Every structure is written in C-alpha cells, then in structure tokens.
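Down below is the structure, laid out as structure tokens.
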Amino acid sequence: MPAIQAVLFDLGGTLLHYDQPPEYSFENLNSLGLRAFMNSAAASGAKIPDPDLAIRAISRVAAAVEAKAARTYHASTAEDTIREGLEALGLHLRPKAWEAGLAAYYAAISETVTLAEGDVAAVLAELTAEGRTLGLVSNTLWSPAMHDADLARFGLLQYLPVRVYSYDAGVVKPHPAIYRQALDRLDLAPAEAIFVGDRLAVDIAGPQKIGMRAVLVATPFPTEQDAEIQPDAQIASLAELPALLVEWDRAIDGNLPV
C-alpha cells in the first residue's frame, strides 16, 4: 500500500474546466443557462412576461449568495437562486415548466465543459492502479447529477468513488467540514491523503489547515495570487502528479522530509 493512500481533487479548473473566462466566466455561464431555462420553461407553459428581467433578478440573487458564502461558508444551489429570483418578481412555475427549465439550464452549461490539461483519465487510472483511492471535493451551485454526467462523459467518473459537492454538503471550501466529509468516507486521517487543486485559498490553505498536503496545479484561467499561501508542491499539469506522489511515498517511507 502506498504511503499516500488517497488523492482528493478539486473539480472545476483541476479535472474539468467550467469557468473559462472571458467567454465562459461564471456570470456568462449562468446567464447562458438561465436563457435556456426561460426558453424551455416558456415552451412548457410558463408565463414569464420579461425573461431579461427575470435573468437579471436571478443573477443578483446568485451574486448575493456568492458573497454570503465567502463570509459564512454557507452552501446554496442553483435551484435556490433561480426560485428566489423568480419569486422576487411574483413568478411561481408549475412543476412541468420548472423541471423542463432546470434540465435546459444544466444542459446549456454542460455543453461548454472541457477537459483539463494533462491526460486526466490516464493519470487517474495510473493513480488507481498504484492502490490509491481517489475522490473530489467541489464548491458548486450546480447539480451533482450534472457534474457526475460530465465526469462520466470524459471517462473520469469511474475513478472517483468519493465525491463531496458543496451542493449537498451544506458548507463550502475552505470550511474544514467539507474536507473531513471526504476523509471520513475514506476512513483516513488527513496525513494519509493529499489535495490537488488550482485555487490557493480553497484548495491549498483549506486542506493544509486540517493537516493535509496540498498540490497546486497550473490553470490557464488563474484567479488569485497570495504570497502567504504556499503549496507543498506545484505542478504544470496533472501529468506530473504520479511521479510526485512516488517521490513523496519514498520520502515518507524513509522518514525524510517531504
């Protein structure tokens, strides 16, 4: 058994690209999905007098939710924000229109997703063959079902038996509880696992605070800089990860500093 028994990954920006500025920034992705929601809901009988106004109302709610999450670590969902925005305009959709709208919303977003750099499926297969258990911990407003379908489409889902989405977890990274949920499912201590992601605050500092090592992977869409947050290692793509973990295994087995 390898010394590093598990690898937990971030999702967006690490395994798959959702937020891809400038064309597919989160705001643009959400607007794209909301436009599809309005069209599909209307086709299913919903009366939405001003779709543009509805989209702006929902977008304002989404921005407020994001700000609240940064302050309180509270997790919300796209369904919550869409419903709240519509209700602010006095709009209440019947189940048929609501379900059709949600399906179209998620389909529109999913169509934009691309695979991250570094032959991701081959890396996950190699790590699994080495005896490591893999999982992910992701901050997301969006449905776990959509993310699971995206992972399956790119051949990644089979390698990730443990998946913790903030959508279900109730809190967002970097709250310690969300990482611990994944570790508890693995029945591992923090020192037995590492975290890999592309964002300093939530993928590096957060896991490190509970005793995990954390690896920063480069992204073509960098979002932050913070000289006070230092990853345990940096890699240009996931293709470099297997060799790094073998090196760390040897250092741990030989009681050497990692």
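In the structure tokens, each chain is lettered A, B, ... as it comes, each chain's residues begin at 1, and ligands are numbered from 1 in order of appearance.
Within 6 Å of stretch 152-164 of chain A there are Ala121, Leu134, Gly135, Leu136, Val137, Ala149 and Asp150 of chain A, counting only C-alpha atoms and ignoring same-chain residues fewer than 2 positions away.
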**Item:** Close residues, A:Tyr179 itself excluded, 10 Å, only C-alpha atoms, min 2 positions apart in chain, as a ChimeraX atom specification
**Value:** /A:8,136-138,164,169,172-177,181-184,190,195,203,206-207,210,212
Using the selection just defined, write its residues with C-alpha atoms as a PDB file, in the first residue's frame.
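Below you can see result27.pdb, which holds the result:
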ATOM      1  CA  LEU A   8      -8.690  14.283  -3.335  1.00  0.00           C
ATOM      2  CA  LEU A 136     -13.135  15.029  -5.229  1.00  0.00           C
ATOM      3  CA  VAL A 137     -14.340  17.930  -3.114  1.00  0.00           C
ATOM      4  CA  SER A 138     -16.017  20.691  -5.089  1.00  0.00           C
ATOM      5  CA  VAL A 164     -18.339  15.586  -1.993  1.00  0.00           C
ATOM      6  CA  ALA A 169     -22.520  19.124   1.971  1.00  0.00           C
ATOM      7  CA  VAL A 172     -18.228  25.355   1.018  1.00  0.00           C
ATOM      8  CA  LYS A 173     -14.452  25.150   0.944  1.00  0.00           C
ATOM      9  CA  PRO A 174     -12.377  26.219   2.834  1.00  0.00           C
ATOM     10  CA  HIS A 175     -14.590  25.185   5.765  1.00  0.00           C
ATOM     11  CA  PRO A 176     -12.842  22.179   7.394  1.00  0.00           C
ATOM     12  CA  ALA A 177     -16.039  20.119   7.497  1.00  0.00           C
ATOM     13  CA  GLN A 181     -16.576  14.583   4.981  1.00  0.00           C
ATOM     14  CA  ALA A 182     -14.431  13.121   2.213  1.00  0.00           C
ATOM     15  CA  LEU A 183     -11.788  11.818   4.619  1.00  0.00           C
ATOM     16  CA  ASP A 184     -14.464  10.205   6.790  1.00  0.00           C
ATOM     17  CA  PRO A 190      -5.526  13.921   6.886  1.00  0.00           C
ATOM     18  CA  PHE A 195      -5.440  17.530  -2.003  1.00  0.00           C
ATOM     19  CA  ASP A 203      -7.545  24.006  -2.488  1.00  0.00           C
ATOM     20  CA  GLY A 206      -8.022  24.892   3.420  1.00  0.00           C
ATOM     21  CA  PRO A 207      -6.681  21.323   3.256  1.00  0.00           C
ATOM     22  CA  ILE A 210      -6.563  20.243   8.726  1.00  0.00           C
ATOM     23  CA  MET A 212      -3.313  17.501   4.510  1.00  0.00           C
TER      24      MET A 212
END
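Atom to atom, atom CA of A:Phe9 and atom CA of A:Pro242 stand 13.5 Å apart.
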**Request:** Name all residues at most 9 Å from A:Ala214 (count only C-alpha atoms; drop same-chain ones fewer than 6 positions away) and give them as a VMD selection string.
**Result:** chain A and resid 194 to 197 203 to 208 231 to 234
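Distance annotation: of A:Ile252, A:Ala218, A:Asn139, A:Gly33, the residue with the minimal separation from A:Val171 is A:Asn139; atom set is only C-alpha atoms.
Distance annotation: of A:Ala67, A:Leu91, A:Leu241, A:Ala236, the residue with the minimal separation from A:Lys47 is A:Leu91; atom set is only C-alpha atoms.
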**Asked** Could you pull out all residues of stretch 39-158 of chain A with a DSSP call of strand (DSSP E or B) and give them as a PyMOL selection string?
**Response** chain A and resi 74+114-115+133-138
**Request:** Among the residues of stretch 19-219 of chain A, find those DSSP assigns to helix (DSSP H, G or I) from the backbone and print them as a PyMOL selection string.
**Result:** chain A and resi 26-43+51-72+78-88+95-110+120-129+144-153+157-159+166-169+176-186+190-192+200-209
